[in-house]
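This is structure_39.txt (compact mmCIF, C-alpha atoms).
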# COMPACT_ATOMS: atom_id res chain seq x y z
CA MET A 1 6.35 -14.40 12.19
CA LYS A 2 4.50 -15.45 9.07
CA VAL A 3 3.53 -12.29 7.19
CA LEU A 4 1.07 -12.02 4.29
CA ILE A 5 1.82 -9.09 1.96
CA THR A 6 -0.67 -8.12 -0.73
CA GLY A 7 0.87 -6.19 -3.60
CA ALA A 8 4.15 -7.93 -2.84
CA ALA A 9 5.70 -7.32 -6.27
CA GLY A 10 5.14 -3.58 -6.26
CA PHE A 11 7.51 -0.77 -5.31
CA ILE A 12 6.88 -0.72 -1.56
CA GLY A 13 5.80 -4.35 -1.36
CA SER A 14 8.97 -5.81 -2.82
CA HIS A 15 11.18 -3.74 -0.51
CA LEU A 16 9.12 -4.92 2.46
CA VAL A 17 9.47 -8.53 1.30
CA ASP A 18 13.24 -8.16 1.20
CA ARG A 19 13.39 -6.50 4.63
CA LEU A 20 11.24 -9.10 6.36
CA LEU A 21 13.13 -11.99 4.80
CA SER A 22 16.40 -10.44 5.96
CA GLU A 23 14.98 -10.35 9.49
CA GLY A 24 14.14 -14.04 9.44
CA HIS A 25 10.38 -13.95 8.89
CA ASP A 26 8.36 -16.21 6.61
CA VAL A 27 6.69 -14.16 3.89
CA LEU A 28 3.72 -15.07 1.71
CA GLY A 29 3.25 -12.63 -1.16
CA VAL A 30 0.12 -12.03 -3.23
CA ASP A 31 0.16 -10.04 -6.46
CA CYS A 32 -1.86 -9.98 -9.68
CA PHE A 33 0.97 -8.36 -11.72
CA ASP A 34 -1.44 -5.72 -12.94
CA THR A 35 -0.68 -4.11 -16.31
CA PHE A 36 -0.81 -0.53 -14.95
CA TYR A 37 2.89 -0.71 -15.83
CA ASP A 38 5.06 -3.45 -17.35
CA PRO A 39 4.61 -6.64 -15.28
CA THR A 40 8.13 -7.77 -16.15
CA ILE A 41 9.41 -4.92 -13.98
CA LYS A 42 7.52 -6.36 -11.03
CA GLU A 43 8.93 -9.82 -11.77
CA GLN A 44 12.40 -8.30 -11.47
CA HIS A 45 11.49 -6.71 -8.13
CA LEU A 46 11.11 -10.17 -6.61
CA GLY A 47 14.22 -11.62 -8.22
CA ASP A 48 16.08 -12.20 -4.94
CA ALA A 49 13.01 -13.15 -2.92
CA LYS A 50 11.98 -15.94 -5.29
CA SER A 51 15.17 -17.84 -4.49
CA HIS A 52 14.60 -17.54 -0.73
CA ASP A 53 13.31 -20.60 1.12
CA SER A 54 11.10 -18.48 3.37
CA PHE A 55 9.20 -16.78 0.53
CA SER A 56 6.15 -17.99 -1.35
CA LEU A 57 4.30 -16.15 -4.10
CA ILE A 58 0.64 -16.52 -5.06
CA ARG A 59 -0.54 -14.88 -8.25
CA GLY A 60 -4.09 -13.65 -8.11
CA ASP A 61 -6.57 -10.81 -7.74
CA ILE A 62 -7.52 -9.60 -4.26
CA ARG A 63 -11.14 -9.40 -5.40
CA ASP A 64 -11.15 -13.20 -5.65
CA ARG A 65 -12.29 -14.61 -2.30
CA ALA A 66 -11.23 -18.11 -3.39
CA LEU A 67 -7.63 -16.86 -3.52
CA PHE A 68 -7.75 -16.00 0.17
CA ASP A 69 -9.68 -19.12 1.16
CA ALA A 70 -6.82 -21.21 -0.26
CA LEU A 71 -4.26 -19.50 1.98
CA PRO A 72 -2.94 -21.12 5.17
CA GLY A 73 -4.63 -19.99 8.36
CA ASP A 74 -1.46 -19.54 10.41
CA ILE A 75 -0.76 -15.98 9.25
CA ASP A 76 0.40 -13.72 12.11
CA VAL A 77 -0.10 -10.36 10.40
CA VAL A 78 -1.25 -8.99 7.03
CA VAL A 79 0.25 -5.98 5.28
CA HIS A 80 -2.29 -4.83 2.71
CA LEU A 81 -0.48 -2.83 0.02
CA ALA A 82 -2.35 -4.05 -3.07
CA ALA A 83 -4.41 -1.32 -4.73
CA ARG A 84 -5.09 0.32 -8.02
CA ALA A 85 -2.80 3.36 -7.87
CA GLY A 86 -2.78 6.77 -9.52
CA VAL A 87 -4.92 9.85 -8.98
CA ARG A 88 -5.44 10.88 -12.61
CA SER A 89 -6.23 7.33 -13.73
CA SER A 90 -8.87 7.01 -11.02
CA ILE A 91 -10.75 9.96 -12.50
CA GLU A 92 -10.81 8.16 -15.84
CA ASP A 93 -11.99 4.81 -14.43
CA PRO A 94 -13.60 5.16 -10.99
CA ASN A 95 -15.41 1.83 -11.34
CA LEU A 96 -12.14 -0.07 -11.52
CA TYR A 97 -10.67 1.80 -8.55
CA THR A 98 -13.65 1.19 -6.30
CA SER A 99 -13.79 -2.45 -7.38
CA VAL A 100 -10.14 -3.15 -6.55
CA ASN A 101 -9.48 -0.79 -3.66
CA LEU A 102 -12.77 -1.26 -1.82
CA GLY A 103 -14.04 -4.62 -3.08
CA GLY A 104 -10.63 -6.22 -2.71
CA THR A 105 -10.16 -4.82 0.78
CA VAL A 106 -13.55 -6.16 1.89
CA GLN A 107 -12.67 -9.61 0.55
CA LEU A 108 -9.42 -9.54 2.52
CA LEU A 109 -11.06 -8.33 5.73
CA GLU A 110 -13.79 -10.95 5.48
CA TRP A 111 -11.24 -13.72 4.94
CA MET A 112 -9.25 -12.46 7.93
CA ARG A 113 -12.38 -12.54 10.07
CA ALA A 114 -13.22 -16.09 8.99
CA ALA A 115 -9.63 -17.29 9.42
CA ASP A 116 -9.22 -15.50 12.77
CA VAL A 117 -6.30 -13.44 11.46
CA ARG A 118 -6.83 -10.10 13.18
CA ARG A 119 -3.65 -8.07 12.77
CA LEU A 120 -3.38 -5.73 9.82
CA VAL A 121 -1.25 -2.90 8.45
CA PHE A 122 -3.24 -1.02 5.80
CA ALA A 123 -1.65 1.20 3.15
CA SER A 124 -3.48 4.51 2.92
CA SER A 125 -2.33 7.71 1.26
CA SER A 126 -1.67 11.39 1.90
CA SER A 127 -4.13 12.04 -0.93
CA VAL A 128 -6.95 11.73 1.64
CA TYR A 129 -6.10 15.30 2.76
CA GLY A 130 -7.38 16.73 -0.52
CA ASN A 131 -6.82 20.47 -0.86
CA ASN A 132 -5.87 20.94 2.78
CA SER A 133 -3.95 24.23 2.98
CA LYS A 134 -2.55 23.70 6.48
CA VAL A 135 1.00 22.36 6.58
CA PRO A 136 2.37 20.13 7.82
CA PHE A 137 -0.59 17.77 7.52
CA SER A 138 -1.72 16.16 10.76
CA GLU A 139 -3.70 12.99 11.38
CA SER A 140 -6.21 15.18 13.23
CA ASP A 141 -6.89 17.30 10.13
CA PRO A 142 -10.33 16.81 8.51
CA VAL A 143 -10.32 14.39 5.59
CA ASP A 144 -13.97 14.58 4.58
CA HIS A 145 -13.46 16.11 1.14
CA PRO A 146 -11.28 13.88 -1.10
CA ILE A 147 -10.75 15.28 -4.58
CA SER A 148 -10.21 12.05 -6.56
CA PRO A 149 -11.79 8.59 -6.62
CA TYR A 150 -8.41 7.18 -5.57
CA ALA A 151 -8.33 9.34 -2.44
CA ALA A 152 -11.96 8.47 -1.71
CA THR A 153 -11.19 4.74 -1.87
CA LYS A 154 -8.24 5.13 0.49
CA ARG A 155 -10.29 7.07 3.04
CA SER A 156 -13.08 4.53 2.69
CA GLY A 157 -10.54 1.77 3.31
CA GLU A 158 -9.53 3.45 6.57
CA LEU A 159 -13.18 3.57 7.63
CA LEU A 160 -13.67 -0.10 6.78
CA CYS A 161 -10.61 -0.95 8.85
CA HIS A 162 -11.99 0.94 11.83
CA THR A 163 -15.30 -0.90 11.48
CA TYR A 164 -13.55 -4.29 11.67
CA HIS A 165 -11.50 -3.10 14.64
CA HIS A 166 -14.68 -2.02 16.43
CA LEU A 167 -16.83 -5.04 15.57
CA PHE A 168 -14.33 -7.88 15.57
CA GLY A 169 -11.35 -6.73 17.63
CA PHE A 170 -8.90 -6.37 14.75
CA SER A 171 -5.61 -4.65 15.55
CA ILE A 172 -4.96 -2.22 12.67
CA LEU A 173 -2.44 0.45 11.76
CA ALA A 174 -3.45 2.55 8.74
CA LEU A 175 -0.41 4.28 7.24
CA ARG A 176 -0.76 7.38 5.06
CA PHE A 177 2.21 7.29 2.69
CA PHE A 178 3.65 10.60 1.47
CA THR A 179 5.15 10.49 -2.06
CA VAL A 180 7.56 7.59 -1.74
CA TYR A 181 10.65 7.48 -3.97
CA GLY A 182 13.72 5.33 -4.44
CA PRO A 183 14.84 2.22 -6.33
CA ARG A 184 11.92 0.36 -8.01
CA GLN A 185 9.69 3.43 -7.98
CA ARG A 186 6.79 3.24 -10.43
CA PRO A 187 7.91 4.53 -13.84
CA ASP A 188 5.03 7.01 -14.05
CA LEU A 189 6.03 8.89 -10.89
CA ALA A 190 7.92 12.16 -11.01
CA ILE A 191 11.42 11.34 -9.79
CA HIS A 192 11.65 8.17 -11.88
CA LYS A 193 10.24 9.98 -14.91
CA PHE A 194 12.51 13.04 -14.50
CA ALA A 195 15.64 10.93 -14.04
CA ARG A 196 14.80 8.82 -17.09
CA LEU A 197 14.29 11.92 -19.24
CA LEU A 198 17.49 13.54 -17.96
CA LEU A 199 19.54 10.44 -18.75
CA ALA A 200 18.06 10.43 -22.26
CA GLY A 201 18.82 14.15 -22.74
CA GLU A 202 15.13 14.93 -23.17
CA PRO A 203 13.15 17.87 -21.76
CA ILE A 204 11.10 17.54 -18.58
CA PRO A 205 7.44 18.57 -18.93
CA MET A 206 6.28 21.21 -16.46
CA TYR A 207 2.75 21.54 -15.14
CA GLY A 208 1.59 24.82 -13.66
CA ASP A 209 4.01 27.71 -13.07
CA GLY A 210 6.78 25.69 -11.40
CA SER A 211 6.13 27.06 -7.92
CA SER A 212 4.62 23.91 -6.39
CA ARG A 213 6.54 22.15 -3.61
CA ARG A 214 6.37 18.66 -2.21
CA ASP A 215 8.09 16.57 0.43
CA TYR A 216 9.34 13.17 -0.70
CA THR A 217 9.90 10.13 1.51
CA PHE A 218 12.72 7.69 0.79
CA ILE A 219 11.68 4.06 0.52
CA ASP A 220 13.93 2.84 3.36
CA ASP A 221 12.25 5.28 5.76
CA ILE A 222 8.82 4.06 4.65
CA ILE A 223 9.85 0.44 5.24
CA ASP A 224 11.12 1.37 8.71
CA GLY A 225 7.67 2.80 9.39
CA VAL A 226 5.85 -0.27 8.07
CA VAL A 227 7.99 -2.61 10.18
CA ALA A 228 7.31 -0.46 13.26
CA ALA A 229 3.59 -0.62 12.47
CA ILE A 230 3.80 -4.42 12.26
CA ASP A 231 5.32 -4.43 15.75
CA LEU A 232 2.47 -2.27 17.08
CA ALA A 233 -0.24 -4.30 15.36
CA THR A 234 1.11 -7.56 16.80
CA GLY A 235 1.09 -6.34 20.39
CA ASP A 236 -1.01 -7.90 23.13
CA GLN A 237 -3.91 -5.43 22.97
CA PRO A 238 -5.99 -4.59 19.86
CA VAL A 239 -5.23 -1.12 18.58
CA PHE A 240 -6.46 1.14 15.81
CA ASP A 241 -4.45 4.12 14.68
CA ILE A 242 -3.83 6.24 11.60
CA VAL A 243 -0.25 7.41 11.08
CA ASN A 244 1.34 9.78 8.58
CA LEU A 245 4.58 8.40 7.15
Before we go any further, please render this structure as structure tokens.
Amino acid sequence: MKVLITGAAGFIGSHLVDRLLSEGHDVLGVDCFDTFYDPTIKEQHLGDAKSHDSFSLIRGDIRDRALFDALPGDIDVVVHLAARAGVRSSIEDPNLYTSVNLGGTVQLLEWMRAADVRRLVFASSSSVYGNNSKVPFSESDPVDHPISPYAATKRSGELLCHTYHHLFGFSILALRFFTVYGPRQRPDLAIHKFARLLLAGEPIPMYGDGSSRRDYTFIDDIIDGVVAAIDLATGDQPVFDIVNL
């Protein structure tokens, strides 16, 4: 297949690029190398992929419709990972988060409609569950009360995806990621931050009383889930589903 991956230079995106190339697919990556963290780190993520004959990289912002209009129309499936990430940062700058996460997603969906590319895997987030006290979380749990602009944009993205499935026959899997960790993890996330501080012999900051608990998901397991979602989205019949990973 030919697969378009937005956010291809990020943590999850770059691992997906490597997996799909290893399986013999052609991969077209899009990334704006946002300065949320050091862009040179993202350049390193794609070090192996850049030397691969089946990989192409386009640098640009997903809010730019002209970027998508310049893409080839023979894309089999899109994996939309590009987003402005971070819960706390979204509270500080909700305008940016809605612009990128909603505006950029609409630009992508509209290009897909015009180009007749109707298979999509959309990256959502467990943050849509808000302060849900029931565990484990289930896809059938209510998600009507997000507690950050980031979570609100991810839930809104799921709703947009369903709209395009309903109106235009898109086949879409929306994946709610649960605290992914592993090599290339964003430097601001807990496991990366803790390990860095431990190696430097520095103290780890603690928030709250230390009693909080969280399940973490290893990156290889997430990529297995994304690849399985690609297989479902590229089936013969249009589907729409939301899946916890």
(message) Would you compute the distance between CA of Ser140 (chain A) and CA of Val227 (chain A)? Give it in Å to one decimal.
(response) 23.0 Å
What's around Arg155 (chain A) at 12 Å? Count only C-alpha atoms, leave out sequence neighbours fewer than 4 positions away in its own chain, and write the answer as a PDB file with C-alpha atoms, keeping the file's coordinate frame.
ATOM      1  CA  THR A  98     -13.650   1.190  -6.300  1.00  0.00           C
ATOM      2  CA  ASN A 101      -9.480  -0.790  -3.660  1.00  0.00           C
ATOM      3  CA  LEU A 102     -12.770  -1.260  -1.820  1.00  0.00           C
ATOM      4  CA  PHE A 122      -3.240  -1.020   5.800  1.00  0.00           C
ATOM      5  CA  ALA A 123      -1.650   1.200   3.150  1.00  0.00           C
ATOM      6  CA  SER A 124      -3.480   4.510   2.920  1.00  0.00           C
ATOM      7  CA  SER A 125      -2.330   7.710   1.260  1.00  0.00           C
ATOM      8  CA  SER A 126      -1.670  11.390   1.900  1.00  0.00           C
ATOM      9  CA  SER A 127      -4.130  12.040  -0.930  1.00  0.00           C
ATOM     10  CA  VAL A 128      -6.950  11.730   1.640  1.00  0.00           C
ATOM     11  CA  TYR A 129      -6.100  15.300   2.760  1.00  0.00           C
ATOM     12  CA  GLY A 130      -7.380  16.730  -0.520  1.00  0.00           C
ATOM     13  CA  PRO A 142     -10.330  16.810   8.510  1.00  0.00           C
ATOM     14  CA  VAL A 143     -10.320  14.390   5.590  1.00  0.00           C
ATOM     15  CA  ASP A 144     -13.970  14.580   4.580  1.00  0.00           C
ATOM     16  CA  HIS A 145     -13.460  16.110   1.140  1.00  0.00           C
ATOM     17  CA  PRO A 146     -11.280  13.880  -1.100  1.00  0.00           C
ATOM     18  CA  ILE A 147     -10.750  15.280  -4.580  1.00  0.00           C
ATOM     19  CA  SER A 148     -10.210  12.050  -6.560  1.00  0.00           C
ATOM     20  CA  PRO A 149     -11.790   8.590  -6.620  1.00  0.00           C
ATOM     21  CA  TYR A 150      -8.410   7.180  -5.570  1.00  0.00           C
ATOM     22  CA  ALA A 151      -8.330   9.340  -2.440  1.00  0.00           C
ATOM     23  CA  LEU A 159     -13.180   3.570   7.630  1.00  0.00           C
ATOM     24  CA  LEU A 160     -13.670  -0.100   6.780  1.00  0.00           C
ATOM     25  CA  CYS A 161     -10.610  -0.950   8.850  1.00  0.00           C
ATOM     26  CA  HIS A 162     -11.990   0.940  11.830  1.00  0.00           C
ATOM     27  CA  ALA A 174      -3.450   2.550   8.740  1.00  0.00           C
ATOM     28  CA  LEU A 175      -0.410   4.280   7.240  1.00  0.00           C
ATOM     29  CA  ARG A 176      -0.760   7.380   5.060  1.00  0.00           C
ATOM     30  CA  ILE A 242      -3.830   6.240  11.600  1.00  0.00           C
TER      31      ILE A 242
END
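Using only C-alpha atoms, the nearest neighbour of Thr105 (chain A) within the list A:Gln44, A:Thr6, A:Ser89, A:Ser22 is A:Thr6.
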(message) List as a PyMOL selection string the protein and nucleic acid residues near region 199-206 of chain A, meaning an atom at most 10 Å away when all atoms listed in the file are counted, but skip any in the same chain fewer than 5 places from it.
(response) chain A and resi 190+193-194
(message) Could you list, as a list in words, every residue within 7 Å of region 211-219 of chain A, counting only C-alpha atoms and ignoring same-chain residues fewer than 4 positions away?
(response)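 Counting only the stated atoms, we get Phe178, Thr179, Val180, Tyr181, Gly182 and Ile223 of chain A.
Restricting the calculation to only C-alpha atoms, the smallest distance between Leu189 (chain A) and any of A:Gly29, A:Gly86, A:Gly157, A:Gly210 is found for A:Gly86.
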Could you make a table, as JSON lines, of the residues of region 125-243 of chain A that have an atom within 10 Å of an atom of region 59-81 of chain A, each with its nearest atom pair and distance in Å to one decimal, counting all atoms listed in the file, in chain and number order?
{"residue": "A:Ser171", "atom": "CA", "partner": "A:Val77", "partner_atom": "CA", "distance": 9.5}
{"residue": "A:Ile172", "atom": "CA", "partner": "A:Val78", "partner_atom": "CA", "distance": 9.6}
{"residue": "A:Leu173", "atom": "CA", "partner": "A:Val79", "partner_atom": "CA", "distance": 9.5}
{"residue": "A:Ala174", "atom": "CA", "partner": "A:His80", "partner_atom": "CA", "distance": 9.6}
{"residue": "A:Val226", "atom": "CA", "partner": "A:Val79", "partner_atom": "CA", "distance": 8.5}
{"residue": "A:Val227", "atom": "CA", "partner": "A:Val79", "partner_atom": "CA", "distance": 9.8}
{"residue": "A:Ala229", "atom": "CA", "partner": "A:Val79", "partner_atom": "CA", "distance": 9.6}
{"residue": "A:Ile230", "atom": "CA", "partner": "A:Val77", "partner_atom": "CA", "distance": 7.3}
{"residue": "A:Asp231", "atom": "CA", "partner": "A:Val77", "partner_atom": "CA", "distance": 9.7}
{"residue": "A:Ala233", "atom": "CA", "partner": "A:Val77", "partner_atom": "CA", "distance": 7.8}
{"residue": "A:Thr234", "atom": "CA", "partner": "A:Val77", "partner_atom": "CA", "distance": 7.1}
(request) Enter the distance from CA of Tyr97 (chain A) to CA of Lys154 (chain A), in Å, rounded to one decimal. (result)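 If I compute the distance from CA of Tyr97 (chain A) to CA of Lys154 (chain A), I get 9.9 Å.
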(message) If I take CA of Thr40 (chain A) and CA of Phe177 (chain A), how far is one from the other in Å, to one decimal?
(response) 24.8 Å
(message) Nearest residue to Val239 (chain A) out of A:Ala83, A:Val135, A:Val121, A:Val106, using all atoms listed in the file?
(response)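 That would be A:Val121, the residue with the smallest distance to Val239 (chain A).
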How big is the axis-aligned box, and where does its centre sit, when it encloses all atoms of region 176-188 of chain A listed in the file and has 6 Å added on every side, reported in Å to one decimal as JSON?
{"center_x": 7.0, "center_y": 5.5, "center_z": -4.5, "size_x": 27.6, "size_y": 22.2, "size_z": 31.1}
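Taking all atoms listed in the file into account, Ala49 (chain A) lies nearest to A:Ser14 out of the set A:Tyr37, A:His25, A:Glu110, A:Ser14.
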(request) Find, counting all atoms listed in the file, the residue in A:Val243, A:Ile41, A:Val27, A:Met112 that gets nearest to Pro187 (chain A). (result) A:Ile41
(request) Tell me which of A:Lys134, A:Arg84, A:His166, A:His192 sits closest to Gly104 (chain A), counting all atoms listed in the file. (result)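 Among the listed residues, the smallest separation from Gly104 (chain A) belongs to A:Arg84.
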Rebuild N, CA, C and O atoms on region 226-244 of chain A, as a short mmCIF file (atom, residue, chain, number, x, y, z; two decimals), in the coordinates of the input?
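Dumped everything to part_25.cif:
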data_model
loop_
_atom_site.label_atom_id
_atom_site.label_comp_id
_atom_site.auth_asym_id
_atom_site.auth_seq_id
_atom_site.Cartn_x
_atom_site.Cartn_y
_atom_site.Cartn_z
N VAL A 226 6.73 0.89 8.22
CA VAL A 226 5.85 -0.27 8.07
C VAL A 226 6.24 -1.36 9.08
O VAL A 226 5.37 -1.97 9.72
N VAL A 227 7.53 -1.59 9.24
CA VAL A 227 7.99 -2.61 10.18
C VAL A 227 7.60 -2.21 11.61
O VAL A 227 7.17 -3.05 12.41
N ALA A 228 7.74 -0.92 11.95
CA ALA A 228 7.31 -0.46 13.26
C ALA A 228 5.81 -0.65 13.45
O ALA A 228 5.35 -1.00 14.54
N ALA A 229 5.04 -0.43 12.40
CA ALA A 229 3.59 -0.62 12.47
C ALA A 229 3.25 -2.09 12.68
O ALA A 229 2.30 -2.43 13.41
N ILE A 230 3.99 -2.99 12.04
CA ILE A 230 3.80 -4.42 12.26
C ILE A 230 4.01 -4.75 13.74
O ILE A 230 3.23 -5.49 14.35
N ASP A 231 5.05 -4.18 14.32
CA ASP A 231 5.32 -4.43 15.75
C ASP A 231 4.17 -3.96 16.62
O ASP A 231 3.77 -4.64 17.57
N LEU A 232 3.60 -2.78 16.30
CA LEU A 232 2.47 -2.27 17.08
C LEU A 232 1.23 -3.13 16.89
O LEU A 232 0.50 -3.43 17.84
N ALA A 233 0.97 -3.53 15.65
CA ALA A 233 -0.24 -4.30 15.36
C ALA A 233 -0.20 -5.69 15.99
O ALA A 233 -1.25 -6.28 16.24
N THR A 234 0.99 -6.21 16.24
CA THR A 234 1.11 -7.56 16.80
C THR A 234 1.32 -7.54 18.31
O THR A 234 1.73 -8.53 18.90
N GLY A 235 1.01 -6.42 18.94
CA GLY A 235 1.09 -6.34 20.39
C GLY A 235 -0.04 -7.12 21.06
O GLY A 235 -0.90 -7.71 20.40
N ASP A 236 -0.05 -7.09 22.38
CA ASP A 236 -1.01 -7.90 23.13
C ASP A 236 -2.43 -7.36 23.07
O ASP A 236 -3.39 -8.13 23.13
N GLN A 237 -2.58 -6.04 22.95
CA GLN A 237 -3.91 -5.43 22.97
C GLN A 237 -4.30 -4.92 21.58
O GLN A 237 -3.47 -4.35 20.88
N PRO A 238 -5.55 -5.12 21.16
CA PRO A 238 -5.99 -4.59 19.86
C PRO A 238 -5.89 -3.08 19.83
O PRO A 238 -6.26 -2.40 20.79
N VAL A 239 -5.37 -2.56 18.73
CA VAL A 239 -5.23 -1.12 18.58
C VAL A 239 -5.80 -0.71 17.22
O VAL A 239 -5.89 -1.52 16.29
N PHE A 240 -6.18 0.54 17.12
CA PHE A 240 -6.46 1.14 15.81
C PHE A 240 -5.84 2.51 15.81
O PHE A 240 -6.07 3.32 16.72
N ASP A 241 -5.06 2.80 14.79
CA ASP A 241 -4.45 4.12 14.68
C ASP A 241 -4.18 4.43 13.23
O ASP A 241 -3.97 3.53 12.41
N ILE A 242 -4.18 5.72 12.93
CA ILE A 242 -3.83 6.24 11.60
C ILE A 242 -2.57 7.06 11.77
O ILE A 242 -2.48 7.92 12.65
N VAL A 243 -1.56 6.78 10.92
CA VAL A 243 -0.25 7.41 11.08
C VAL A 243 0.22 7.96 9.75
O VAL A 243 0.20 7.26 8.73
N ASN A 244 0.68 9.21 9.75
CA ASN A 244 1.34 9.78 8.58
C ASN A 244 2.78 9.26 8.52
O ASN A 244 3.51 9.35 9.51
#
